[in-house]
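**Q** Submitted below is the structure of interest, expressed as structure tokens.
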Amino acid sequence: MTMKPIRQLLCLIALLALVSPAFARVKLVALPDRARVVVSLSHPDVTLLEEERMLPLQKGGNQIDFSWRGVNIDANSIQIRLLTAPEQVNIINTSYPPNENALIWQVFSPVAKEERVRISYIIGGLTREVAYRAVSEPDEKSLALRNYLKLRNHSGEDIVDAEFGIGYGASFKKSIQHEESLELLSERIDALPIKKILTWDSAQQPWDPEYVKSTVGLPLTYVIKNDKVSKLGVHTLLPGKARIFIKTKEQPEKEGDKPGEGVAFTGEDWAGLTPVDREMKLYIGQSRDVKVTQRKVREDRVNIRRNNGNNPVLWDTDELYKIEIENFKKVAVDVVIVEHFPGYWKIVENSHAAAFKKKDAFTFEFHLNLPAESTGAKKTTINFNLNRLNVQGNEPSSY
Amino acid sequence: MKTVVSRLVRIHLLAVIAFGCTAFDSHARINVVTLPGRDTVQLTIYNSADLTLVKETRVLTFKQGLNRLEFSWANTLIDPTSVEFRALTNADKVEVLDVSFPARVTNTLEWRIASEVAGEVKCEIRYFTSGISWGADYVVEADQKEKQMQLAGSVRVNNHSGEDYENAQIRLVVGVVRLVQSIVDLARQGQPIGEVPKPGSAVPMMPPAAKFDAMRGMGRAVGEAEMRQREVVKEALSEYFLYTVEGRDTVANGWSKRMPSFKAAEVPITSYYKYERERWGDIVMRYYKFTNAVPSKLGKEPLPDGGVMAFRTVTKDNLYSFVGRTAVKYIPIGETVEMELGNDAEVMVKPTLMSWGKVDLAFDPFGNVKGWTTKESWQFEIQNSKEIEVVLDIRRNFGGDWSMVTEQAYEKVDATKVKMVLPLKPLEKRTITYELTTRHGSNATK
């Protein structure tokens, strides 16, 4: 049996007469319940809890003793706001006793009354994370996306009937006990269009698969665009783990029945923060049905300039590359070929100009749609001729 | 019920009954005849050093002739070299002849005072103590559109001096004073090591009953003057600013007390974002920018350095969203400041070097390259995912002989830095570009 930690969040009111002799602050007059609890999870690292309580104030001076045990409250973050009559009631000062998780507000009220106050503080251990689960259609053209909010409460405090806000969308009401975790479905989008892309990166994958013992796998990425077309585009998608499944047909229970529907897990990735109109790329596995072979067919130094010692100090290059791509799949597939060239260069000839896309000064890509079963004589072949210019051997490759 | 007095600073008026004994004879010092309490106490607390000037007044009964007055301060952090005595009444008839620090007695001094009058004399005793500090803190409550804020300032006094100060007038000094020796070191001189409580640590000498009494002090006094928030009166004083907290307060040893200092509503702010790769990498930092000036509903006094908690109200009933916490530097009147509130991914800056070229090669007489020029094309994708207007400040640092061509307005901050300030509408996306030419080696013209 596990022991429940000692925890208690107290709001004690010690009332003082206007003129009085010595008083101990432990004099307890009332223990008002929380009238409302609001949890703000909009900040990525900090959880703010706001609670409202009805405090019975006596005419004159009142001491409100706010103390906690076993709850991870940032004492310096605690704020109190008067909601009923802020123009009448005054917070005179705040005292912090030594070696205690407590503070004391000295409050003056001109009349005996109930005052609704809102106490705000940063609480540790009450965290949120986002998780995505998606089930792709068998053709991998669209998927059903579920966005879950996971709440974990290790704050030491039971949070009862609290309004939770995550920075977008409507807030929702939930209770979560100490040491409890909750998973809530926060968004559900069906038939969300996706792009499936295989990527061959000349800096990551081997150029000639013939020299590699195992079959080379090409990273497989699902691309989800956070826009209206994708039935998204309302808010930034928060980072979280994304698990992707694909629909499968299950064997019928008995002969003659229709095949049932099931799913198979195809992979997972950490989704990055994705603002509206930008792409979320999920690398979920590899494809081994597309084969890429790249060769440098020609590499000549030209236009060599030498110093008086006949040493080359500056030159250009004339380089010819050939990329052969075979698709063994029975369906067409999108492939991106990524090339990296540091320094100053220019493309002289390019067999696939329409597919060419310059990403930055040192990177360009070919975006190809490979026909189904385009192998052998049907394979796709890219040739490009590139000149590096004014090479000294110290050219930058990144920025 | 009698409560235990928690004061550790004591003053004894000694009966001079044995003139045969010298002032250095400790056996004569047991003749305590009065134990006068403090009538008033004033704390002037500095925030730039661990230093507080304590001024207390007491009424002492002198006899005509020689009087011996013992002042002791066991288990406190008082600087013995700073203790001064002066008579406030009959000042011309009461004279300090000398002051001695008795051998083998710690934390005690003895004044020999010649008095021409017999009877009560109001006296002032001044000394420095360490262990009391104060700090400012601020709460920012920005409105939903982040156009205005309510700025509430507080001062917090922390007492770890070993001594309770009851009903003290509290004055706080904003400014930097120079000390050639720290007060805590001076306080420790002449005391066995380990006896003096360290500032910030639990004070061992305070008995539970004394704590009870301190609580009484904390709970004391909701008198007429305390029915409202205390005003903190601010006045300029040389290079310092003096804050005087209205009324009297008790700050018991080990306790801290936070008092409201000011509250200004509708202070205009700019939701300001900065991108400078050399400082923060590829993240965008968020700031609230405001001016400590009268048109901004501030500007009545400089704002001391201190911590800031920033919230934004996000609903009609003013629920908070936590924005960030930071520290601000001392803000003189008239200065515009930026409160750094951390990274905010809702404003994105994505720089891309789109092309890089090396041209205009020059050679020396030996055929080696002596000069060249690089040309760079940069593209910045900018996105404000927030539903409010913000201002984005992009800074770029360039070295050498450089020139920049762009359609984007920019300001040259210094020889190596440019600044582009872009107001962004809610949810605005924008791309800016510039061409950078840098001349190297002999191509450099400056």
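A note on labels: chains of the structure tokens are A, B, ... as shown, every chain counts residues from 1, and ligands are counted from 1 in their shown order.
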With a distance cut-off of 9 Å and only C-alpha atoms, select the neighbouring residues of A:Gly169, excluding the residue or stretch itself and same-chain residues fewer than 4 positions from it, and output the selection as number ranges by chain.
**A** A: 165, 186, 235
**Q** Find the residues around stretch 201-217 of chain A up to 6 Å (only C-alpha atoms counted), leave out those fewer than 6 positions away in its own chain, and share them as a CSV table (one decimal) with C-alpha atoms, in the first residue's frame.
**A**
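And here's result-v1.csv as it stands now:
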```csv
chain,number,residue,atom,x,y,z
A,286,GLN,CA,12.3,3.8,-43.8
A,287,SER,CA,11.4,2.6,-47.2
A,288,ARG,CA,13.6,0.0,-48.8
A,293,THR,CA,22.6,5.4,-56.8
A,294,GLN,CA,24.7,8.6,-57.2
A,337,ILE,CA,17.0,14.0,-53.4
A,338,VAL,CA,19.2,16.4,-51.2
A,339,GLU,CA,22.6,17.6,-52.4
```
**Q** Could you pull the residues within 9 Å of B:Lys329, counting only C-alpha atoms, minus those fewer than 6 positions along the same chain, as a ChimeraX atom specification?
**A** /B:303-306,337
**Q** Output N, CA, C and O atoms for every residue in the selection just made, as a short mmCIF file (atom, residue, chain, number, x, y, z; two decimals), in the first residue's frame.
**A**
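Output (out.cif):
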```
data_model
loop_
_atom_site.label_atom_id
_atom_site.label_comp_id
_atom_site.auth_asym_id
_atom_site.auth_seq_id
_atom_site.Cartn_x
_atom_site.Cartn_y
_atom_site.Cartn_z
N LEU B 303 13.14 53.56 -10.55
CA LEU B 303 12.66 52.25 -10.09
C LEU B 303 13.88 51.40 -9.72
O LEU B 303 14.75 51.18 -10.55
N PRO B 304 13.94 50.96 -8.48
CA PRO B 304 15.10 50.16 -8.07
C PRO B 304 15.13 48.83 -8.82
O PRO B 304 14.09 48.34 -9.28
N ASP B 305 16.31 48.27 -8.92
CA ASP B 305 16.41 46.96 -9.54
C ASP B 305 15.64 45.94 -8.71
O ASP B 305 15.53 46.07 -7.49
N GLY B 306 15.11 44.94 -9.37
CA GLY B 306 14.32 43.96 -8.64
C GLY B 306 13.72 42.92 -9.56
O GLY B 306 13.89 42.97 -10.78
N VAL B 337 12.94 51.02 -20.90
CA VAL B 337 13.54 49.73 -20.57
C VAL B 337 12.76 48.59 -21.20
O VAL B 337 11.60 48.75 -21.59
#
```
**Q** Taking only C-alpha atoms into account, name the residue in B:Glu146, B:Asp137, B:Glu340, B:Glu239 that is nearest to chain A.
**A**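 Ranking B:Glu146, B:Asp137, B:Glu340, B:Glu239 by distance to chain A, first place goes to B:Asp137.
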**Q** Quick one: of B:Ile269, B:Val390, B:Ala345, B:Val140, who's nearest to chain A, counting only C-alpha atoms?
**A**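 Answer, going by the shortest atom-to-atom distance: B:Ala345.
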**Q** Given the choices B:Phe62, B:Tyr320, B:Tyr434, B:Phe363, which gets closest to A:Asn307 if the distance is worked out from only C-alpha atoms?
**A**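 Between B:Phe62, B:Tyr320, B:Tyr434, B:Phe363, the residue approaching A:Asn307 most closely is B:Phe363.
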**Q** Skipping near chain neighbours, those fewer than 6 positions away, what residues fall within 9 Å of A:Val336 using only C-alpha atoms, listed as a ChimeraX atom specification?
**A** /A:197-201,365-369
**Q** Taking only C-alpha atoms into account, name the residue in A:Glu395, A:Glu179, A:Glu140, A:Asp190 that is nearest to chain B.
**A** A:Glu395
**Q** Pick out the residues sitting within 9 Å of A:Arg243, and hand them over as a PyMOL selection string; count only C-alpha atoms, and ignore anything fewer than 6 positions along from it in its own chain.
**A** chain A and resi 131-135+265-270+284
**Q** Here is a test: counting only C-alpha atoms, which residue of A:Glu100, A:Ile119, A:Leu218, A:Thr47 is nearest to A:Ser155?
**A**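 Going through A:Glu100, A:Ile119, A:Leu218, A:Thr47 one by one, the smallest distance to A:Ser155 is for A:Thr47.
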**Q** What does the structure give for the distance between atom CA of B:Phe128 and atom CA of B:Leu66, in Å to one decimal?
**A**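 Going from atom CA of B:Phe128 over to atom CA of B:Leu66 covers 27.1 Å.
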**Q** Can you pull out the residues contacting A:Arg36? Cut-off 8 Å, using only C-alpha atoms, and skip same-chain residues under 3 positions away; I want them as a compact mmCIF listing (two decimals) with N, CA, C and O atoms, in the first residue's frame.
**A**
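Writing the result to selection26.txt gives the following:
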```txt
# COMPACT_ATOMS: atom_id res chain seq x y z
N GLU A 51 -7.03 30.42 -7.71
CA GLU A 51 -8.17 29.92 -6.93
C GLU A 51 -8.89 31.11 -6.33
O GLU A 51 -8.28 32.12 -5.97
N GLU A 52 -10.19 30.97 -6.27
CA GLU A 52 -10.98 32.05 -5.67
C GLU A 52 -11.64 31.52 -4.41
O GLU A 52 -12.12 30.38 -4.36
N ARG A 53 -11.61 32.35 -3.39
CA ARG A 53 -12.21 31.96 -2.12
C ARG A 53 -13.00 33.14 -1.57
O ARG A 53 -12.66 34.29 -1.82
N ASP A 161 -12.60 20.02 -9.84
CA ASP A 161 -13.49 20.88 -10.64
C ASP A 161 -12.78 22.13 -11.13
O ASP A 161 -13.28 23.25 -11.01
N ALA A 162 -11.63 21.94 -11.68
CA ALA A 162 -10.83 23.09 -12.12
C ALA A 162 -11.09 23.37 -13.60
O ALA A 162 -11.36 22.47 -14.38
```
**Q** List as a PyMOL selection string the protein and nucleic acid residues near B:Asn253, meaning an atom at most 7 Å away when only C-alpha atoms are counted, but skip any in the same chain fewer than 2 places from it.
**A** chain B and resi 159-164+251+255
**Q** Taking the DSSP secondary structure from the backbone, can you list the residues of stretch 137-310 of chain A that are strand (DSSP E), as an mmCIF file with C-alpha atoms, in the first residue's frame?
**A**
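Everything below was put into result30.cif:
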```cif
data_model
loop_
_atom_site.group_PDB
_atom_site.id
_atom_site.type_symbol
_atom_site.label_atom_id
_atom_site.label_comp_id
_atom_site.auth_asym_id
_atom_site.auth_seq_id
_atom_site.Cartn_x
_atom_site.Cartn_y
_atom_site.Cartn_z
ATOM 1 C CA SER A 142 -4.867 11.194 -45.747
ATOM 2 C CA LEU A 143 -5.168 10.325 -42.122
ATOM 3 C CA ALA A 144 -7.367 10.809 -39.104
ATOM 4 C CA LEU A 145 -5.539 12.874 -36.526
ATOM 5 C CA ARG A 146 -6.249 12.883 -32.819
ATOM 6 C CA ASN A 147 -4.610 15.452 -30.634
ATOM 7 C CA TYR A 148 -4.471 14.508 -26.959
ATOM 8 C CA LEU A 149 -3.686 16.591 -23.956
ATOM 9 C CA LYS A 150 -2.008 14.650 -21.186
ATOM 10 C CA LEU A 151 -2.193 16.071 -17.693
ATOM 11 C CA ARG A 152 0.014 14.786 -14.914
ATOM 12 C CA ASN A 153 -0.522 15.835 -11.353
ATOM 13 C CA ILE A 159 -7.295 19.638 -8.168
ATOM 14 C CA VAL A 160 -11.074 19.458 -8.071
ATOM 15 C CA ASP A 161 -13.489 20.876 -10.642
ATOM 16 C CA ALA A 162 -10.834 23.091 -12.121
ATOM 17 C CA GLU A 163 -11.079 25.057 -15.345
ATOM 18 C CA PHE A 164 -8.095 24.139 -17.484
ATOM 19 C CA GLY A 165 -6.854 26.442 -20.243
ATOM 20 C CA PHE A 172 -12.553 22.682 -19.980
ATOM 21 C CA LYS A 173 -13.479 21.539 -16.510
ATOM 22 C CA LYS A 174 -11.813 18.540 -14.917
ATOM 23 C CA SER A 175 -10.693 17.106 -11.627
ATOM 24 C CA ILE A 176 -7.344 15.480 -11.243
ATOM 25 C CA SER A 181 -2.640 11.290 -15.000
ATOM 26 C CA LEU A 182 -5.364 12.202 -17.431
ATOM 27 C CA GLU A 183 -5.454 12.013 -21.181
ATOM 28 C CA LEU A 184 -8.028 14.149 -22.931
ATOM 29 C CA LEU A 185 -8.922 14.297 -26.570
ATOM 30 C CA SER A 186 -8.494 17.930 -27.507
ATOM 31 C CA GLU A 187 -8.773 17.853 -31.314
ATOM 32 C CA ARG A 188 -10.057 15.393 -33.854
ATOM 33 C CA ILE A 189 -9.575 15.875 -37.584
ATOM 34 C CA ASP A 190 -10.660 13.299 -40.115
ATOM 35 C CA ALA A 191 -9.483 12.969 -43.711
ATOM 36 C CA LEU A 192 -6.550 15.272 -43.133
ATOM 37 C CA PRO A 193 -4.507 15.329 -46.368
ATOM 38 C CA LYS A 195 2.158 14.000 -48.179
ATOM 39 C CA LYS A 196 4.328 10.956 -47.951
ATOM 40 C CA ILE A 197 7.910 11.659 -48.886
ATOM 41 C CA LEU A 198 11.021 9.539 -49.083
ATOM 42 C CA THR A 199 14.274 11.412 -48.691
ATOM 43 C CA TRP A 200 17.682 10.515 -50.000
ATOM 44 C CA ASP A 201 20.343 12.848 -48.620
ATOM 45 C CA LEU A 218 15.250 5.854 -47.312
ATOM 46 C CA PRO A 219 13.742 7.870 -44.473
ATOM 47 C CA LEU A 220 9.967 8.006 -44.781
ATOM 48 C CA THR A 221 8.261 11.214 -43.733
ATOM 49 C CA TYR A 222 4.627 12.171 -43.417
ATOM 50 C CA VAL A 223 4.105 15.876 -43.950
ATOM 51 C CA ILE A 224 1.111 17.574 -42.364
ATOM 52 C CA LYS A 225 0.499 21.181 -43.190
ATOM 53 C CA GLY A 240 4.673 16.136 -28.705
ATOM 54 C CA LYS A 241 5.040 12.516 -29.596
ATOM 55 C CA ALA A 242 3.191 11.415 -32.696
ATOM 56 C CA ARG A 243 2.295 7.779 -33.239
ATOM 57 C CA ILE A 244 1.157 6.768 -36.691
ATOM 58 C CA PHE A 245 -0.954 3.764 -37.553
ATOM 59 C CA ILE A 246 -2.288 2.573 -40.860
ATOM 60 C CA LYS A 247 -5.603 0.954 -41.578
ATOM 61 C CA THR A 248 -5.499 -2.731 -42.366
ATOM 62 C CA LYS A 249 -8.021 -5.295 -43.306
ATOM 63 C CA GLU A 250 -8.492 -8.021 -40.769
ATOM 64 C CA GLY A 260 -12.920 -6.371 -40.555
ATOM 65 C CA GLU A 261 -10.885 -3.201 -40.178
ATOM 66 C CA GLY A 262 -7.804 -3.015 -38.053
ATOM 67 C CA VAL A 263 -4.666 -0.966 -37.776
ATOM 68 C CA ALA A 264 -0.948 -1.566 -37.858
ATOM 69 C CA PHE A 265 1.646 0.662 -36.220
ATOM 70 C CA THR A 266 3.926 2.301 -38.770
ATOM 71 C CA GLY A 267 6.151 4.409 -36.578
ATOM 72 C CA GLU A 268 6.464 7.416 -34.335
ATOM 73 C CA ASP A 269 8.361 10.671 -34.100
ATOM 74 C CA TRP A 270 8.561 13.812 -31.996
ATOM 75 C CA ALA A 271 6.444 16.453 -33.633
ATOM 76 C CA GLU A 279 4.650 21.908 -42.173
ATOM 77 C CA MET A 280 4.945 19.281 -39.491
ATOM 78 C CA LYS A 281 7.328 16.599 -40.686
ATOM 79 C CA LEU A 282 7.153 13.214 -39.029
ATOM 80 C CA TYR A 283 9.963 10.793 -39.778
ATOM 81 C CA ILE A 284 8.348 7.484 -38.982
ATOM 82 C CA GLY A 285 10.409 4.805 -40.669
ATOM 83 C CA GLN A 286 12.278 3.789 -43.768
ATOM 84 C CA SER A 287 11.411 2.568 -47.205
ATOM 85 C CA VAL A 290 13.375 2.810 -53.622
ATOM 86 C CA LYS A 291 16.986 2.551 -54.622
ATOM 87 C CA VAL A 292 19.187 5.566 -55.273
ATOM 88 C CA THR A 293 22.631 5.397 -56.792
ATOM 89 C CA GLN A 294 24.655 8.556 -57.169
ATOM 90 C CA ARG A 295 27.990 8.801 -58.923
ATOM 91 C CA LYS A 296 30.339 11.633 -59.639
ATOM 92 C CA VAL A 297 31.047 11.000 -63.304
ATOM 93 C CA ARG A 298 33.509 13.810 -63.844
ATOM 94 C CA GLU A 299 35.623 15.979 -61.565
ATOM 95 C CA ASP A 300 38.107 18.271 -63.282
ATOM 96 C CA ARG A 301 39.991 21.263 -61.984
ATOM 97 C CA VAL A 302 39.861 24.021 -64.559
ATOM 98 C CA ASN A 303 40.931 27.632 -64.814
ATOM 99 C CA ILE A 304 43.744 26.989 -62.373
ATOM 100 C CA ARG A 305 45.594 30.082 -61.229
ATOM 101 C CA ARG A 306 49.082 29.506 -59.838
#
```
**Q** By how many Å are atom CA of B:Asp317 and atom CA of A:Ile73 apart?
**A**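 Distance between the two atoms: 23.7 Å.
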**Q** Could you state the separation of atom CA of B:Lys446 and atom CA of B:Thr433 in Å, given to one decimal place?
**A**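 So the answer is 25.0 Å.
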**Q** Determine the nearest neighbour of A:Gly61 from the options A:Ile92, A:Val46, A:Leu41, A:Ile347, counting only C-alpha atoms.
**A**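 Checking each of A:Ile92, A:Val46, A:Leu41, A:Ile347 against A:Gly61, counting only C-alpha atoms, the winner is A:Ile92.
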